[in-house]
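The structure file entry-v4.cif is reproduced below (mmCIF, C-alpha atoms, pLDDT in the B column; chains and numbers go by the auth columns).
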```
data_my_file
loop_
_atom_site.group_PDB
_atom_site.id
_atom_site.type_symbol
_atom_site.label_atom_id
_atom_site.label_comp_id
_atom_site.label_asym_id
_atom_site.label_seq_id
_atom_site.Cartn_x
_atom_site.Cartn_y
_atom_site.Cartn_z
_atom_site.B_iso_or_equiv
_atom_site.auth_seq_id
_atom_site.auth_asym_id
ATOM 1 C CA GLU A 1 -7.222 -8.867 -12.664 57.00 219 A
ATOM 2 C CA VAL A 2 -7.978 -7.753 -9.121 55.00 220 A
ATOM 3 C CA LEU A 3 -6.185 -4.456 -9.648 53.00 221 A
ATOM 4 C CA TYR A 4 -8.181 -3.962 -12.850 54.00 222 A
ATOM 5 C CA LEU A 5 -11.434 -4.445 -10.932 54.00 223 A
ATOM 6 C CA LEU A 6 -10.347 -2.037 -8.206 55.00 224 A
ATOM 7 C CA ASN A 7 -9.654 0.650 -10.779 56.00 225 A
ATOM 8 C CA GLN A 8 -13.143 0.329 -12.269 63.00 226 A
ATOM 9 C CA PRO A 9 -16.008 2.535 -11.030 65.00 227 A
ATOM 10 C CA HIS A 10 -18.260 0.864 -8.434 59.00 228 A
ATOM 11 C CA LYS A 11 -21.477 2.020 -6.811 64.00 229 A
ATOM 12 C CA GLY A 12 -20.289 0.942 -3.378 64.00 230 A
ATOM 13 C CA ALA A 13 -18.798 -1.829 -1.284 65.00 231 A
ATOM 14 C CA GLN A 14 -21.573 -4.270 -2.235 65.00 232 A
ATOM 15 C CA ASP A 15 -20.988 -3.746 -5.949 69.00 233 A
ATOM 16 C CA LEU A 16 -17.236 -4.178 -5.512 67.00 234 A
ATOM 17 C CA GLN A 17 -17.753 -7.271 -3.374 67.00 235 A
ATOM 18 C CA ARG A 18 -19.942 -8.896 -6.044 69.00 236 A
ATOM 19 C CA SER A 19 -17.334 -8.179 -8.714 70.00 237 A
ATOM 20 C CA LEU A 20 -14.595 -9.730 -6.592 68.00 238 A
ATOM 21 C CA MET A 21 -16.741 -12.756 -5.795 68.00 239 A
ATOM 22 C CA GLY A 22 -17.353 -13.231 -9.506 70.00 240 A
ATOM 23 C CA LEU A 23 -13.616 -13.089 -10.196 69.00 241 A
ATOM 24 C CA ALA A 24 -12.903 -15.592 -7.417 70.00 242 A
ATOM 25 C CA LEU A 25 -15.476 -18.017 -8.806 70.00 243 A
ATOM 26 C CA GLU A 26 -14.023 -17.628 -12.296 74.00 244 A
ATOM 27 C CA LYS A 27 -10.554 -18.483 -10.996 76.00 245 A
ATOM 28 C CA MET A 28 -11.916 -21.475 -9.137 75.00 246 A
ATOM 29 C CA ASN A 29 -13.507 -22.706 -12.366 78.00 247 A
ATOM 30 C CA ARG A 30 -10.214 -22.261 -14.221 83.00 248 A
ATOM 31 C CA LEU A 31 -8.357 -24.243 -11.581 85.00 249 A
ATOM 32 C CA ALA A 32 -10.919 -27.056 -11.640 84.00 250 A
ATOM 33 C CA LEU A 33 -10.651 -27.299 -15.450 87.00 251 A
ATOM 34 C CA ALA A 34 -6.844 -27.259 -15.314 89.00 252 A
ATOM 35 C CA LYS A 35 -6.798 -30.093 -12.785 89.00 253 A
ATOM 36 C CA LYS A 36 -9.142 -32.208 -14.904 90.00 254 A
ATOM 37 C CA LEU A 37 -6.970 -31.672 -17.983 92.00 255 A
ATOM 38 C CA LEU A 38 -3.814 -32.584 -16.082 92.00 256 A
ATOM 39 C CA GLN A 39 -5.537 -35.708 -14.755 91.00 257 A
ATOM 40 C CA GLY A 40 -6.020 -36.907 -18.323 90.00 258 A
ATOM 41 C CA HIS A 41 -9.556 -35.783 -19.073 89.00 259 A
ATOM 42 C CA SER A 42 -10.256 -34.635 -22.615 85.00 260 A
ATOM 43 C CA LEU A 43 -12.074 -31.303 -22.548 86.00 261 A
ATOM 44 C CA GLU A 44 -13.008 -28.774 -25.211 86.00 262 A
ATOM 45 C CA GLU A 45 -11.983 -25.939 -22.870 85.00 263 A
ATOM 46 C CA GLY A 46 -8.259 -26.605 -23.205 90.00 264 A
ATOM 47 C CA TYR A 47 -5.341 -28.974 -23.554 93.00 265 A
ATOM 48 C CA VAL A 48 -2.119 -30.032 -21.809 93.00 266 A
ATOM 49 C CA GLU A 49 1.364 -28.798 -22.711 91.00 267 A
ATOM 50 C CA PRO A 50 3.492 -31.738 -21.486 92.00 268 A
ATOM 51 C CA ALA A 51 6.887 -29.970 -21.254 91.00 269 A
ATOM 52 C CA PHE A 52 6.530 -26.309 -20.339 91.00 270 A
ATOM 53 C CA LEU A 53 9.790 -24.575 -19.438 91.00 271 A
ATOM 54 C CA THR A 54 9.568 -22.376 -16.355 90.00 272 A
ATOM 55 C CA ALA A 55 11.870 -19.442 -15.598 87.00 273 A
ATOM 56 C CA GLN A 56 13.527 -21.687 -12.999 87.00 274 A
ATOM 57 C CA GLY A 57 14.520 -24.158 -15.712 89.00 275 A
ATOM 58 C CA GLU A 58 11.963 -26.851 -14.865 89.00 276 A
ATOM 59 C CA ASN A 59 10.081 -28.781 -17.532 92.00 277 A
ATOM 60 C CA ILE A 60 6.594 -29.451 -16.198 93.00 278 A
ATOM 61 C CA PRO A 61 3.167 -30.325 -17.606 94.00 279 A
ATOM 62 C CA VAL A 62 0.747 -27.401 -17.613 94.00 280 A
ATOM 63 C CA ALA A 63 -2.843 -26.850 -18.647 93.00 281 A
ATOM 64 C CA VAL A 64 -3.679 -24.305 -21.328 91.00 282 A
ATOM 65 C CA LEU A 65 -7.218 -22.936 -21.197 88.00 283 A
ATOM 66 C CA LYS A 66 -8.835 -21.424 -24.280 84.00 284 A
ATOM 67 C CA ASN A 67 -10.393 -18.618 -22.235 76.00 285 A
ATOM 68 C CA LEU A 68 -7.036 -17.784 -20.641 79.00 286 A
ATOM 69 C CA PRO A 69 -4.683 -17.104 -23.564 75.00 287 A
ATOM 70 C CA GLY A 70 -1.000 -16.689 -22.765 81.00 288 A
ATOM 71 C CA LEU A 71 -1.233 -18.192 -19.287 86.00 289 A
ATOM 72 C CA PHE A 72 -0.399 -21.715 -18.099 91.00 290 A
ATOM 73 C CA ILE A 73 -1.517 -23.528 -14.928 91.00 291 A
ATOM 74 C CA ASP A 74 0.380 -26.392 -13.302 91.00 292 A
ATOM 75 C CA ALA A 75 -0.900 -29.101 -10.945 87.00 293 A
ATOM 76 C CA ARG A 76 0.029 -26.998 -7.895 84.00 294 A
ATOM 77 C CA GLY A 77 -2.170 -24.109 -8.976 85.00 295 A
ATOM 78 C CA THR A 78 0.731 -21.924 -10.073 89.00 296 A
ATOM 79 C CA VAL A 79 -0.006 -19.696 -13.059 89.00 297 A
ATOM 80 C CA TYR A 80 2.813 -18.775 -15.463 89.00 298 A
ATOM 81 C CA ASP A 81 3.109 -16.346 -18.341 86.00 299 A
ATOM 82 C CA SER A 82 4.613 -17.304 -21.720 84.00 300 A
ATOM 83 C CA HIS A 83 8.128 -16.593 -20.371 85.00 301 A
ATOM 84 C CA GLY A 84 7.712 -19.064 -17.517 88.00 302 A
ATOM 85 C CA GLN A 85 7.400 -16.351 -14.880 87.00 303 A
ATOM 86 C CA VAL A 86 4.944 -16.879 -12.011 87.00 304 A
ATOM 87 C CA VAL A 87 2.096 -14.376 -12.276 81.00 305 A
ATOM 88 C CA ASP A 88 -0.439 -15.910 -9.901 82.00 306 A
ATOM 89 C CA LYS A 89 -0.702 -18.727 -7.391 77.00 307 A
ATOM 90 C CA TYR A 90 -3.554 -20.210 -5.449 67.00 308 A
ATOM 91 C CA LYS A 91 -4.035 -23.289 -3.334 55.00 309 A
ATOM 92 C CA ALA A 92 -6.109 -26.192 -4.655 48.00 310 A
ATOM 93 C CA ASP A 93 -9.719 -24.970 -4.983 46.00 311 A
ATOM 94 C CA ASN A 94 -9.221 -22.638 -2.021 45.00 312 A
ATOM 95 C CA ILE A 95 -9.935 -19.081 -3.086 46.00 313 A
ATOM 96 C CA SER A 96 -11.516 -16.522 -0.818 48.00 314 A
ATOM 97 C CA VAL A 97 -12.448 -12.891 -1.049 46.00 315 A
ATOM 98 C CA HIS A 98 -12.585 -10.812 2.126 48.00 316 A
ATOM 99 C CA VAL A 99 -14.228 -7.397 2.187 47.00 317 A
ATOM 100 C CA TYR A 100 -13.488 -5.701 5.494 48.00 318 A
ATOM 101 C CA ILE A 101 -16.113 -3.135 6.480 43.00 319 A
ATOM 102 C CA HIS A 102 -15.255 -0.678 9.220 45.00 320 A
ATOM 103 C CA ASP A 103 -17.725 1.806 10.640 43.00 321 A
ATOM 104 C CA VAL A 104 -15.658 4.952 10.998 45.00 322 A
ATOM 105 C CA PRO A 105 -17.958 7.998 11.324 47.00 323 A
ATOM 106 C CA GLY A 106 -17.035 10.728 8.876 49.00 324 A
ATOM 107 C CA ALA A 107 -14.094 8.790 7.453 46.00 325 A
ATOM 108 C CA GLN A 108 -13.111 9.060 3.828 46.00 326 A
ATOM 109 C CA ALA A 109 -12.689 5.832 1.913 44.00 327 A
ATOM 110 C CA PRO A 110 -8.940 5.211 1.382 43.00 328 A
ATOM 111 C CA LYS A 111 -7.421 3.613 -1.658 42.00 329 A
ATOM 112 C CA ALA A 112 -7.887 -0.145 -1.462 38.00 330 A
ATOM 113 C CA GLU A 113 -4.796 -2.273 -1.020 40.00 331 A
ATOM 114 C CA ILE A 114 -4.018 -5.817 -2.083 36.00 332 A
ATOM 115 C CA LYS A 115 -2.513 -8.261 0.409 38.00 333 A
ATOM 116 C CA SER A 116 -1.666 -11.716 -0.875 37.00 334 A
ATOM 117 C CA ASN A 117 -0.484 -14.937 0.698 38.00 335 A
ATOM 118 C CA PRO A 118 1.874 -16.627 -1.798 37.00 336 A
ATOM 119 C CA ASP A 119 0.353 -20.028 -1.010 36.00 337 A
ATOM 120 C CA GLN A 120 -3.263 -18.971 -1.290 36.00 338 A
ATOM 121 C CA LEU A 121 -5.138 -16.447 -3.381 34.00 339 A
ATOM 122 C CA ALA A 122 -6.670 -14.314 -0.651 35.00 340 A
ATOM 123 C CA THR A 123 -7.671 -10.845 -1.727 35.00 341 A
ATOM 124 C CA VAL A 124 -8.131 -8.505 1.229 36.00 342 A
ATOM 125 C CA ILE A 125 -9.853 -5.198 0.575 35.00 343 A
ATOM 126 C CA PRO A 126 -9.899 -3.022 3.728 36.00 344 A
ATOM 127 C CA LEU A 127 -12.712 -0.520 3.286 35.00 345 A
ATOM 128 C CA SER A 128 -13.232 2.372 5.644 33.00 346 A
ATOM 129 C CA ILE A 129 -16.517 4.056 4.862 32.00 347 A
ATOM 130 C CA PRO A 130 -18.831 6.500 6.691 35.00 348 A
ATOM 131 C CA LYS A 131 -21.759 4.005 6.644 40.00 349 A
ATOM 132 C CA PRO A 132 -21.333 0.217 6.517 45.00 350 A
ATOM 133 C CA GLU A 133 -22.751 -1.297 3.367 59.00 351 A
ATOM 134 C CA VAL A 134 -24.524 -4.582 2.763 73.00 352 A
ATOM 135 C CA PHE A 135 -22.584 -7.802 3.334 79.00 353 A
ATOM 136 C CA VAL A 136 -23.619 -10.424 0.766 79.00 354 A
ATOM 137 C CA ILE A 137 -23.628 -14.117 1.736 80.00 355 A
ATOM 138 C CA PRO A 138 -23.646 -16.264 -1.419 77.00 356 A
ATOM 139 C CA ARG A 139 -25.079 -19.764 -1.417 74.00 357 A
ATOM 140 C CA GLY A 140 -22.575 -22.480 -0.569 73.00 358 A
ATOM 141 C CA GLY A 141 -19.758 -21.843 1.880 78.00 359 A
ATOM 142 C CA ARG A 142 -18.811 -20.879 5.413 83.00 360 A
ATOM 143 C CA TYR A 143 -18.513 -17.230 6.399 86.00 361 A
ATOM 144 C CA LEU A 144 -16.861 -16.025 9.590 88.00 362 A
ATOM 145 C CA ILE A 145 -17.788 -12.837 11.449 92.00 363 A
ATOM 146 C CA GLY A 146 -15.468 -11.249 13.981 90.00 364 A
ATOM 147 C CA ARG A 147 -13.230 -8.353 15.014 89.00 365 A
ATOM 148 C CA ASP A 148 -9.778 -9.693 14.138 88.00 366 A
ATOM 149 C CA THR A 149 -8.386 -9.043 10.651 82.00 367 A
ATOM 150 C CA THR A 150 -5.895 -11.912 10.948 82.00 368 A
ATOM 151 C CA GLN A 151 -8.318 -14.756 11.747 82.00 369 A
ATOM 152 C CA GLY A 152 -9.850 -15.279 8.306 82.00 370 A
ATOM 153 C CA ASN A 153 -13.048 -13.375 9.052 84.00 371 A
ATOM 154 C CA HIS A 154 -15.098 -12.552 5.975 84.00 372 A
ATOM 155 C CA LEU A 155 -17.042 -9.779 7.723 85.00 373 A
ATOM 156 C CA VAL A 156 -14.802 -7.785 10.058 85.00 374 A
ATOM 157 C CA LEU A 157 -16.600 -5.588 12.606 88.00 375 A
ATOM 158 C CA ASN A 158 -14.496 -2.904 14.233 85.00 376 A
ATOM 159 C CA SER A 159 -15.959 -3.044 17.743 88.00 377 A
ATOM 160 C CA THR A 160 -14.566 -4.085 21.131 91.00 378 A
ATOM 161 C CA LYS A 161 -17.911 -5.746 21.860 93.00 379 A
ATOM 162 C CA VAL A 162 -17.311 -8.196 19.010 93.00 380 A
ATOM 163 C CA SER A 163 -15.041 -11.189 19.681 94.00 381 A
ATOM 164 C CA ARG A 164 -11.980 -11.955 17.562 92.00 382 A
ATOM 165 C CA VAL A 165 -13.919 -14.761 15.841 93.00 383 A
ATOM 166 C CA HIS A 166 -17.495 -14.160 16.938 95.00 384 A
ATOM 167 C CA ALA A 167 -19.877 -16.244 14.804 94.00 385 A
ATOM 168 C CA GLU A 168 -20.307 -18.056 11.515 93.00 386 A
ATOM 169 C CA ILE A 169 -22.940 -18.393 8.812 91.00 387 A
ATOM 170 C CA VAL A 170 -22.923 -21.688 6.922 88.00 388 A
ATOM 171 C CA SER A 171 -24.828 -22.619 3.774 83.00 389 A
ATOM 172 C CA ASP A 172 -25.422 -26.359 3.372 77.00 390 A
ATOM 173 C CA GLY A 173 -25.919 -28.426 0.223 67.00 391 A
ATOM 174 C CA ASP A 174 -29.692 -27.923 0.365 72.00 392 A
ATOM 175 C CA GLY A 175 -29.372 -24.160 0.144 75.00 393 A
ATOM 176 C CA ARG A 176 -30.251 -23.501 3.781 84.00 394 A
ATOM 177 C CA PHE A 177 -28.339 -20.923 5.809 89.00 395 A
ATOM 178 C CA TRP A 178 -27.387 -21.446 9.448 91.00 396 A
ATOM 179 C CA LEU A 179 -26.133 -19.033 12.111 94.00 397 A
ATOM 180 C CA ASN A 180 -23.819 -20.306 14.845 94.00 398 A
ATOM 181 C CA ASP A 181 -22.236 -18.461 17.765 95.00 399 A
ATOM 182 C CA LEU A 182 -18.571 -19.402 18.267 94.00 400 A
ATOM 183 C CA GLN A 183 -18.248 -18.985 22.026 93.00 401 A
ATOM 184 C CA SER A 184 -18.297 -15.194 21.757 95.00 402 A
ATOM 185 C CA SER A 185 -17.923 -13.080 24.907 94.00 403 A
ATOM 186 C CA ASN A 186 -20.903 -10.793 24.345 95.00 404 A
ATOM 187 C CA GLY A 187 -23.135 -13.201 22.489 95.00 405 A
ATOM 188 C CA THR A 188 -24.885 -13.568 19.153 96.00 406 A
ATOM 189 C CA TYR A 189 -28.574 -12.653 19.120 96.00 407 A
ATOM 190 C CA ARG A 190 -31.378 -13.456 16.695 94.00 408 A
ATOM 191 C CA ASN A 191 -34.478 -11.355 17.202 93.00 409 A
ATOM 192 C CA GLU A 192 -33.163 -10.375 20.660 93.00 410 A
ATOM 193 C CA VAL A 193 -32.765 -14.009 21.780 94.00 411 A
ATOM 194 C CA ARG A 194 -29.220 -15.001 22.667 95.00 412 A
ATOM 195 C CA LEU A 195 -28.061 -18.081 20.771 94.00 413 A
ATOM 196 C CA LYS A 196 -26.532 -21.034 22.549 93.00 414 A
ATOM 197 C CA PRO A 197 -22.962 -21.514 21.256 91.00 415 A
ATOM 198 C CA GLY A 198 -22.368 -24.586 19.114 85.00 416 A
ATOM 199 C CA LEU A 199 -26.003 -24.982 18.022 89.00 417 A
ATOM 200 C CA ARG A 200 -27.031 -24.077 14.480 89.00 418 A
ATOM 201 C CA HIS A 201 -29.970 -21.714 14.048 92.00 419 A
ATOM 202 C CA ALA A 202 -31.772 -21.326 10.723 91.00 420 A
ATOM 203 C CA LEU A 203 -31.430 -17.902 9.145 90.00 421 A
ATOM 204 C CA ARG A 204 -34.604 -16.354 7.732 89.00 422 A
ATOM 205 C CA ALA A 205 -35.425 -13.202 5.834 89.00 423 A
ATOM 206 C CA GLY A 206 -36.477 -10.432 8.180 90.00 424 A
ATOM 207 C CA ASP A 207 -34.407 -11.693 11.113 92.00 425 A
ATOM 208 C CA ARG A 208 -32.536 -9.164 13.206 93.00 426 A
ATOM 209 C CA ILE A 209 -29.180 -10.549 14.255 95.00 427 A
ATOM 210 C CA ARG A 210 -26.673 -8.923 16.564 94.00 428 A
ATOM 211 C CA PHE A 211 -22.991 -9.633 17.123 95.00 429 A
ATOM 212 C CA GLY A 212 -22.080 -7.918 20.376 93.00 430 A
ATOM 213 C CA ASN A 213 -23.344 -4.378 19.771 91.00 431 A
ATOM 214 C CA ARG A 214 -23.499 -4.574 15.957 91.00 432 A
ATOM 215 C CA GLU A 215 -26.978 -5.303 14.642 92.00 433 A
ATOM 216 C CA PHE A 216 -28.004 -6.348 11.129 92.00 434 A
ATOM 217 C CA GLU A 217 -31.198 -7.042 9.250 91.00 435 A
ATOM 218 C CA VAL A 218 -31.300 -10.224 7.157 90.00 436 A
ATOM 219 C CA ASN A 219 -32.568 -9.923 3.579 87.00 437 A
ATOM 220 C CA TRP A 220 -33.094 -12.596 0.907 84.00 438 A
ATOM 221 C CA ASP A 221 -32.135 -12.039 -2.732 78.00 439 A
ATOM 222 C CA GLN A 222 -34.304 -14.417 -4.764 77.00 440 A
ATOM 223 C CA LYS A 223 -32.533 -13.684 -8.045 71.00 441 A
ATOM 224 C CA HIS A 224 -29.046 -14.565 -6.734 69.00 442 A
ATOM 225 C CA GLN A 225 -30.260 -17.102 -4.148 73.00 443 A
ATOM 226 C CA SER A 226 -28.266 -15.384 -1.418 79.00 444 A
ATOM 227 C CA PHE A 227 -28.776 -13.684 1.924 83.00 445 A
ATOM 228 C CA SER A 228 -27.413 -10.275 2.814 83.00 446 A
ATOM 229 C CA LEU A 229 -26.810 -8.485 6.089 86.00 447 A
ATOM 230 C CA ARG A 230 -27.775 -4.835 6.158 84.00 448 A
ATOM 231 C CA PRO A 231 -26.590 -2.763 9.141 86.00 449 A
ATOM 232 C CA HIS A 232 -29.542 -1.784 11.310 77.00 450 A
ATOM 233 C CA PRO A 233 -29.459 1.783 12.633 68.00 451 A
#
```
Show me this structure written as structure tokens.
Amino acid sequence: EVLYLLNQPHKGAQDLQRSLMGLALEKMNRLALAKKLLQGHSLEEGYVEPAFLTAQGENIPVAVLKNLPGLFIDARGTVYDSHGQVVDKYKADNISVHVYIHDVPGAQAPKAEIKSNPDQLATVIPLSIPKPEVFVIPRGGRYLIGRDTTQGNHLVLNSTKVSRVHAEIVSDGDGRFWLNDLQSSNGTYRNEVRLKPGLRHALRAGDRIRFGNREFEVNWDQKHQSFSLRPHP
């Protein structure tokens, strides 16, 4: 499904990111439904096959979802095809999409690659583009900003002035967004005021935030109830 999305035309990194986020949410919904079915709940969305034979010769209970024909999900989050072969696997309700944006002047965007951890569905799309695009921050979740591509950062900034894991943006249950510096070397700034590490600071539309030497303008999308960070020249 990810490869299918990558082969579709997109207007830019933001459009691709939204498509991938939608796919991740859809997979999370499938997993939640499968777990409820396997826990004995009766749902219209699917049913349980009590003795599904895997390619390894195991007989296990699996959930069959009506909107996912030909695929079967077990209690561990493993997805099988009709022959019992593993075709997907993700950890319990833990699905993330990372879009890595690198500011490489004059660079041509390379073909995106898929990197997967067998124990967790983590789709990593390294994008190298002449001008950084908007980074969307959906409601609900914790988003890391930093330089290192191996530390789970959701927004990766290719700058030596940015720490390996520099800052985080957290959305709480009330729909508020908070910015927090994570002991970065060169600081996180909001409207040119350096933030004290470990203290949450409310994020507001129109704010200018800076991670090291990378500055962004904060925008609010009322329709999607989400913030976005737009690189500031």
So what does the PyMOL selection byres ((chain A and resi 434) around 6) actually pick up in this one, as a PDB file with C-alpha atoms, keeping the file's coordinate frame?
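Saved result, part_24.pdb, follows:
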```pdb
ATOM      1  CA  ARG A 426     -32.536  -9.164  13.206  1.00 93.00           C
ATOM      2  CA  ILE A 427     -29.180 -10.549  14.255  1.00 95.00           C
ATOM      3  CA  GLU A 433     -26.978  -5.303  14.642  1.00 92.00           C
ATOM      4  CA  GLU A 435     -31.198  -7.042   9.250  1.00 91.00           C
ATOM      5  CA  LEU A 447     -26.810  -8.485   6.089  1.00 86.00           C
ATOM      6  CA  ARG A 448     -27.775  -4.835   6.158  1.00 84.00           C
ATOM      7  CA  PRO A 449     -26.590  -2.763   9.141  1.00 86.00           C
ATOM      8  CA  HIS A 450     -29.542  -1.784  11.310  1.00 77.00           C
TER       9      HIS A 450
END
```
Please, which residues are within 12 Å of (-20.8, -13.3, 13.6) by the file's coordinates, counting all atoms listed in the file, and could they come as a PyMOL selection string?
-> chain A and resi 353+360-366+371-375+379-388+396-408+413+415+427-434+447
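When you apply the PyMOL selection byres ((chain A and resi 264) around 9) to this structure, what comes back is Leu251, Ala252, Leu255, Ser260, Leu261, Glu262, Glu263, Tyr265, Val266, Ala281, Val282, Leu283, Lys284 and Asn285 of chain A.
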May I have the selected residues written with C-alpha atoms, as a compact mmCIF listing (two decimals), in the frame of the given file?
```txt
# COMPACT_ATOMS: atom_id res chain seq x y z
CA LEU A 251 -10.65 -27.30 -15.45
CA ALA A 252 -6.84 -27.26 -15.31
CA LEU A 255 -6.97 -31.67 -17.98
CA SER A 260 -10.26 -34.64 -22.62
CA LEU A 261 -12.07 -31.30 -22.55
CA GLU A 262 -13.01 -28.77 -25.21
CA GLU A 263 -11.98 -25.94 -22.87
CA TYR A 265 -5.34 -28.97 -23.55
CA VAL A 266 -2.12 -30.03 -21.81
CA ALA A 281 -2.84 -26.85 -18.65
CA VAL A 282 -3.68 -24.30 -21.33
CA LEU A 283 -7.22 -22.94 -21.20
CA LYS A 284 -8.84 -21.42 -24.28
CA ASN A 285 -10.39 -18.62 -22.24
```
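Residues selected in this file by the PyMOL selection byres ((chain A and resi 290-295) around 8) comprise Leu249, Ala252, Lys253, Leu256, Ile278, Pro279, Val280, Ala281, Val282, Leu283, Gly288, Leu289, Thr296, Val297, Tyr298, Asp299, Ser300, Lys307, Tyr308, Lys309 and Ala310 of chain A.
Atom CA of A:Phe445 lies 16.6 Å from atom CA of A:Ser237.
Taking atom CA of A:Asn247 as the reference point, atom CA of A:Leu286 is found at 11.6 Å.
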Which residue, A:Arg412, A:Arg357, A:His301, A:Arg422, has the smallest gap to A:Gln274 when you use only C-alpha atoms?
-> A:His301
Give as a PDB file with C-alpha atoms, keeping the file's coordinate frame each residue that has an atom at most 6 Å from (9.1, -18.6, -16.2) in the file, counting only C-alpha atoms.
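What follows is the written file result19.pdb:
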```
ATOM      1  CA  THR A 272       9.568 -22.376 -16.355  1.00 90.00           C
ATOM      2  CA  ALA A 273      11.870 -19.442 -15.598  1.00 87.00           C
ATOM      3  CA  HIS A 301       8.128 -16.593 -20.371  1.00 85.00           C
ATOM      4  CA  GLY A 302       7.712 -19.064 -17.517  1.00 88.00           C
ATOM      5  CA  GLN A 303       7.400 -16.351 -14.880  1.00 87.00           C
TER       6      GLN A 303
END
```
If we count only C-alpha atoms and set the cut-off at 8 Å, which residues sit around A:Ala423, ignoring sequence neighbours fewer than 5 positions away in its own chain? Please answer as a tab-separated table (two decimals) with C-alpha atoms, in the coordinates of the input.
```tsv
chain	number	residue	atom	x	y	z
A	436	VAL	CA	-31.30	-10.22	7.16
A	437	ASN	CA	-32.57	-9.92	3.58
A	438	TRP	CA	-33.09	-12.60	0.91
A	445	PHE	CA	-28.78	-13.68	1.92
```
Which residues come within 12 Å of A:Asp392, counting all atoms listed in the file, excluding same-chain residues fewer than 5 positions away, as a PyMOL selection string?
-> chain A and resi 357-359+443
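The space separating atom CA of A:Asp425 from atom CA of A:Glu410 comes to 9.7 Å.
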Among A:Thr378, A:Leu421, A:Glu267, A:Pro356, A:Gly240 is approached most closely, using only C-alpha atoms, by A:Pro356
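Minimum atom-to-atom distances from A:Asp390, A:Asn409, A:Val352, A:Ser377 to A:Ser446 were compared using only C-alpha atoms, and the lowest value belongs to A:Val352.
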